[in-house]
2 protein chains.
Amino acid sequence: MRTYPECYECVLRQFTSELDLINLDLETQTLMVKEALVLLGEARGSATPPDLYGQLHSMLRDNIGDIDAYVESKRKSHQLAMGYQEALRGLIGNGPDKFEQGIKVSAAGNIIDVLYAREYNLWDEVESSVNQDLLGGGLSAFQQKISKAPYLLYLADNVGETIFDKVFIETLNIPVKYGVKGGPILNDATLEDARSAGIDQIAEIVETGSRSPGTPLDQCTNDFRRLFDESPLVLAKGQANYETLDDGGDKIFFLLRLKCPLISREIGFPHGSLVLKQGLPLN
Amino acid sequence: MRTYPECYECVLRQFTSELDLINLDLETQTLMVKEALVLLGEARGSATPPDLYGQLHSMLRDNIGDIDAYVESKRKSHQLAMGYQEALRGLIGNGPDKFEQGIKVSAAGNIIDVLYAREYNLWDEVESSVNQDLLGGGLSAFQQKISKAPYLLYLADNVGETIFDKVFIETLNIPVKYGVKGGPILNDATLEDARSAGIDQIAEIVETGSRSPGTPLDQCTNDFRRLFDESPLVLAKGQANYETLDDGGDKIFFLLRLKCPLISREIGFPHGSLVLKQGLPLN
């Protein structure tokens, strides 16, 4: 996705919030913000917002070391979601169409995002999400493709959402490769986080190798890029995967909750919608 | 006031909002934001947030010309406040202490700020503001000083608030010099705006010469700086005047509504408070 003028302030706000979580003195915080401003100002125009965040985070690691600012927030999200695991299985089982219900439960997990809302009643949100319509028109094409594909490449998003992914994956009759980040970035799931969620018992976990949000292919390992190229079907969770892969072709299905006004406008559905949308065919 | 790490994203958000009001294509908007990012990143550490905004606005004028993005918003604020003029006079007249009531009405006008809230019911806000306590402990010292001073230098803030200033100034038994910006910047009052509000009939209007929000003295004309130095008593309206003059000595009284969490923290009162606070003595 292109970077709109409004995206820069949003990326900067996320970065300032991350700095605020780390125990830095005010001078160092200010220095990091000013360095970030120059990096953003000089970044190439084709960089997506997740690319930009990845660059800022890399600069931060170079300067203060590899601190996982979201470790505590991820721990809380994980524990909260683990507590709902059985209830989520029940929610899928009770649905009129278990496949659609499973996708909606997985999408509902996308509300677990410290950057969207730090406080919410998760179960109320889950139930009201699952009662929403799934917009974007991707359901039947996805269902058709998944019935024939040899495996599904499933690109993860946040910690906690991993549990929602797990209960959905359990219902699928297809092998799943579960793509996670190459190291901590925001509250995104890493190899360790996916293992804690028990994903290793139901899927093969693969690392993208990138430390940016989403999946910027030019930052991924050769192994992951090869896997991505060879995969016949990809389910990409969350906004950052949409932002980085929206030009990746029609084998990708984006499953997300709309939390950003610009992405909502691009996709064409209101704020808060649950969306399953197929990517456009490559030229 | 110092620029905190969080201030940069706020200054950038205001700038992006201003760009959004101007009829620019997306490429030019993006170019202006990227130029702003570099300017913010390279700005000297002692620049206050209003200084920074002034620099961005000056860069914008250099690139696209002197467009007053807030002209329509200022027109609306002016008309809205003009409609309440008589009611505001009544509100002062009905107060138990007319001087304190007049100050509160003037401070209540500080809610007229497009950057704080684009939609509000002004009269409800005014009445509830005037029913609040005036915090900050500056009232008796200000009352004492104003009874002896030969004149008051009154530093204006937004358009619309000008009407609230006028009805307060009408009640004072002291000549007033009313300081306005040297040209359009955000929705701040200029010479023309102050004249439209009828301030010229009750006070001498003086231009600071600066095009930054607040009153950064190093950007003002020599004439204004001399006036400021000679003035025995200054009433400085709004947050930007606090941000730029908080180290200006105890002849300054800051009258404002707290709308920024960082300024609220510095001054020590909750968000939304009406404050009259004397500056600290110079060392």
# chains A, B, ... in the order shown; residues from 1 in each chain; ligands from 1
>>> residues_around(residues="Pro232 in chain B", least_positions_apart="2", cutoff="7 Å", atoms="only C-alpha atoms", output="ChimeraX atom specification")
/B:149,230,234,251
>>> residues_around(residues="Glu18 in chain A", least_positions_apart="6", cutoff="9 Å", atoms="only C-alpha atoms", output="PyMOL selection string")
chain A and resi 69-70+186
>>> interface_residues(of="chain A", to="chain B", cutoff="6 Å", atoms="only C-alpha atoms", output="PyMOL selection string")
chain A and resi 5+9+13+30+34+37-38+41
>>> write_last_selection(atoms="N, CA and C atoms", output="PDB file, in the first residue's frame")
ATOM      1  N   PRO A   5       0.074  10.908   3.189  1.00  0.00           N
ATOM      2  CA  PRO A   5       0.663  11.946   4.049  1.00  0.00           C
ATOM      3  C   PRO A   5       0.385  11.712   5.536  1.00  0.00           C
ATOM      4  N   GLU A   9       2.706  10.609  10.513  1.00  0.00           N
ATOM      5  CA  GLU A   9       2.438  10.945  11.915  1.00  0.00           C
ATOM      6  C   GLU A   9       2.027   9.694  12.697  1.00  0.00           C
ATOM      7  N   ARG A  13       3.856   8.207  15.829  1.00  0.00           N
ATOM      8  CA  ARG A  13       3.137   8.037  17.091  1.00  0.00           C
ATOM      9  C   ARG A  13       3.387   6.642  17.671  1.00  0.00           C
ATOM     10  N   THR A  30      14.356  11.763  23.123  1.00  0.00           N
ATOM     11  CA  THR A  30      14.274  12.865  22.161  1.00  0.00           C
ATOM     12  C   THR A  30      15.208  12.621  20.978  1.00  0.00           C
ATOM     13  N   LYS A  34      14.157  12.318  17.063  1.00  0.00           N
ATOM     14  CA  LYS A  34      14.689  13.208  16.030  1.00  0.00           C
ATOM     15  C   LYS A  34      15.373  12.409  14.923  1.00  0.00           C
ATOM     16  N   LEU A  37      12.610  11.078  12.811  1.00  0.00           N
ATOM     17  CA  LEU A  37      12.041  12.107  11.919  1.00  0.00           C
ATOM     18  C   LEU A  37      12.872  12.227  10.644  1.00  0.00           C
ATOM     19  N   VAL A  38      14.193  12.275  10.808  1.00  0.00           N
ATOM     20  CA  VAL A  38      15.060  12.406   9.628  1.00  0.00           C
ATOM     21  C   VAL A  38      14.943  11.162   8.749  1.00  0.00           C
ATOM     22  N   GLY A  41      11.737  11.354   6.902  1.00  0.00           N
ATOM     23  CA  GLY A  41      11.782  12.413   5.889  1.00  0.00           C
ATOM     24  C   GLY A  41      12.593  11.998   4.671  1.00  0.00           C
TER      25      GLY A  41
END
>>> residues_around(residues="Gly279 in chain A", least_positions_apart="5", cutoff="12 Å", atoms="only C-alpha atoms", output="ChimeraX atom specification")
/A:136-138,141-142,233-236,241-255,267
>>> residues_around(residues="range 98-113 of chain B", least_positions_apart="5", cutoff="6 Å", atoms="only C-alpha atoms", output="JSON, numbers by chain")
{"B": [92, 126, 129, 130, 161, 164, 165, 168, 256]}
>>> write_last_selection(atoms="all heavy atoms", output="compact mmCIF listing (two decimals), in the first residue's frame")
# COMPACT_ATOMS: atom_id res chain seq x y z
N ILE B 92 -21.05 37.96 32.39
CA ILE B 92 -20.10 38.68 33.27
C ILE B 92 -20.88 39.49 34.30
O ILE B 92 -20.56 39.45 35.49
CB ILE B 92 -19.19 39.61 32.45
CG1 ILE B 92 -18.30 38.79 31.50
CG2 ILE B 92 -18.31 40.45 33.39
CD1 ILE B 92 -17.36 39.61 30.65
N VAL B 126 -19.27 27.09 27.26
CA VAL B 126 -18.98 28.35 27.95
C VAL B 126 -19.56 28.33 29.35
O VAL B 126 -18.88 28.62 30.34
CB VAL B 126 -19.55 29.55 27.15
CG1 VAL B 126 -19.51 30.83 27.99
CG2 VAL B 126 -18.79 29.74 25.85
N SER B 129 -17.76 25.96 31.57
CA SER B 129 -16.42 26.47 31.88
C SER B 129 -16.49 27.53 32.97
O SER B 129 -15.70 27.52 33.91
CB SER B 129 -15.79 27.12 30.64
OG SER B 129 -15.51 26.16 29.67
N VAL B 130 -17.46 28.44 32.82
CA VAL B 130 -17.54 29.55 33.76
C VAL B 130 -17.97 29.06 35.14
O VAL B 130 -17.67 29.68 36.16
CB VAL B 130 -18.46 30.65 33.19
CG1 VAL B 130 -18.74 31.75 34.19
CG2 VAL B 130 -17.80 31.27 31.94
N GLU B 161 -12.30 33.65 20.07
CA GLU B 161 -11.87 33.97 21.44
C GLU B 161 -11.71 35.49 21.58
O GLU B 161 -11.88 36.04 22.68
CB GLU B 161 -10.54 33.25 21.69
CG GLU B 161 -10.06 33.29 23.12
CD GLU B 161 -8.82 32.40 23.34
OE1 GLU B 161 -8.55 31.50 22.53
OE2 GLU B 161 -8.12 32.63 24.35
N PHE B 164 -14.61 37.02 23.23
CA PHE B 164 -14.59 36.76 24.67
C PHE B 164 -13.60 37.73 25.35
O PHE B 164 -13.85 38.22 26.45
CB PHE B 164 -14.18 35.32 24.96
CG PHE B 164 -15.21 34.30 24.56
CD1 PHE B 164 -15.50 34.06 23.22
CD2 PHE B 164 -15.89 33.57 25.51
CE1 PHE B 164 -16.44 33.11 22.84
CE2 PHE B 164 -16.84 32.62 25.16
CZ PHE B 164 -17.11 32.39 23.82
N ASP B 165 -12.48 37.96 24.69
CA ASP B 165 -11.50 38.93 25.20
C ASP B 165 -12.14 40.32 25.26
O ASP B 165 -11.99 41.05 26.24
CB ASP B 165 -10.27 38.99 24.28
CG ASP B 165 -9.46 37.69 24.30
OD1 ASP B 165 -9.57 36.94 25.30
OD2 ASP B 165 -8.72 37.43 23.33
N PHE B 168 -14.48 41.03 28.14
CA PHE B 168 -13.71 41.15 29.40
C PHE B 168 -12.98 42.50 29.44
O PHE B 168 -13.04 43.23 30.44
CB PHE B 168 -12.72 39.99 29.52
CG PHE B 168 -11.77 40.10 30.68
CD1 PHE B 168 -12.23 40.42 31.95
CD2 PHE B 168 -10.41 39.86 30.51
CE1 PHE B 168 -11.35 40.52 33.03
CE2 PHE B 168 -9.53 39.95 31.58
CZ PHE B 168 -10.00 40.29 32.84
N LEU B 256 -5.50 30.20 30.46
CA LEU B 256 -5.69 29.17 29.43
C LEU B 256 -6.57 28.05 29.92
O LEU B 256 -6.81 27.90 31.11
CB LEU B 256 -4.33 28.60 28.99
CG LEU B 256 -3.51 27.75 29.99
CD1 LEU B 256 -2.45 26.98 29.24
CD2 LEU B 256 -2.84 28.62 31.04
>>> atom_distance(atom1="CA of Pro216 in chain B", atom2="CA of Ala47 in chain B")
9.6 Å
>>> residues_around(residues="Arg257 in chain B", least_positions_apart="5", cutoff="6 Å", atoms="only C-alpha atoms", output="PyMOL selection string")
chain B and resi 272-274
>>> write_last_selection(atoms="N, CA, C and O atoms", output="mmCIF file, in the first residue's frame")
data_model
loop_
_atom_site.group_PDB
_atom_site.id
_atom_site.type_symbol
_atom_site.label_atom_id
_atom_site.label_comp_id
_atom_site.auth_asym_id
_atom_site.auth_seq_id
_atom_site.Cartn_x
_atom_site.Cartn_y
_atom_site.Cartn_z
ATOM 1 N N GLY B 272 -8.684 20.064 30.770
ATOM 2 C CA GLY B 272 -9.932 20.826 30.720
ATOM 3 C C GLY B 272 -10.020 21.954 31.735
ATOM 4 O O GLY B 272 -10.934 22.778 31.664
ATOM 5 N N SER B 273 -9.079 21.985 32.692
ATOM 6 C CA SER B 273 -9.126 23.037 33.728
ATOM 7 C C SER B 273 -8.943 24.426 33.117
ATOM 8 O O SER B 273 -8.234 24.603 32.140
ATOM 9 N N LEU B 274 -9.598 25.414 33.762
ATOM 10 C CA LEU B 274 -9.318 26.830 33.470
ATOM 11 C C LEU B 274 -8.243 27.292 34.450
ATOM 12 O O LEU B 274 -8.391 27.107 35.663
#
>>> select_by_dssp(residues="range 182-267 of chain A", states="alpha helix (DSSP H)", output="PyMOL selection string")
chain A and resi 191-196+222-230+239-245+261-267
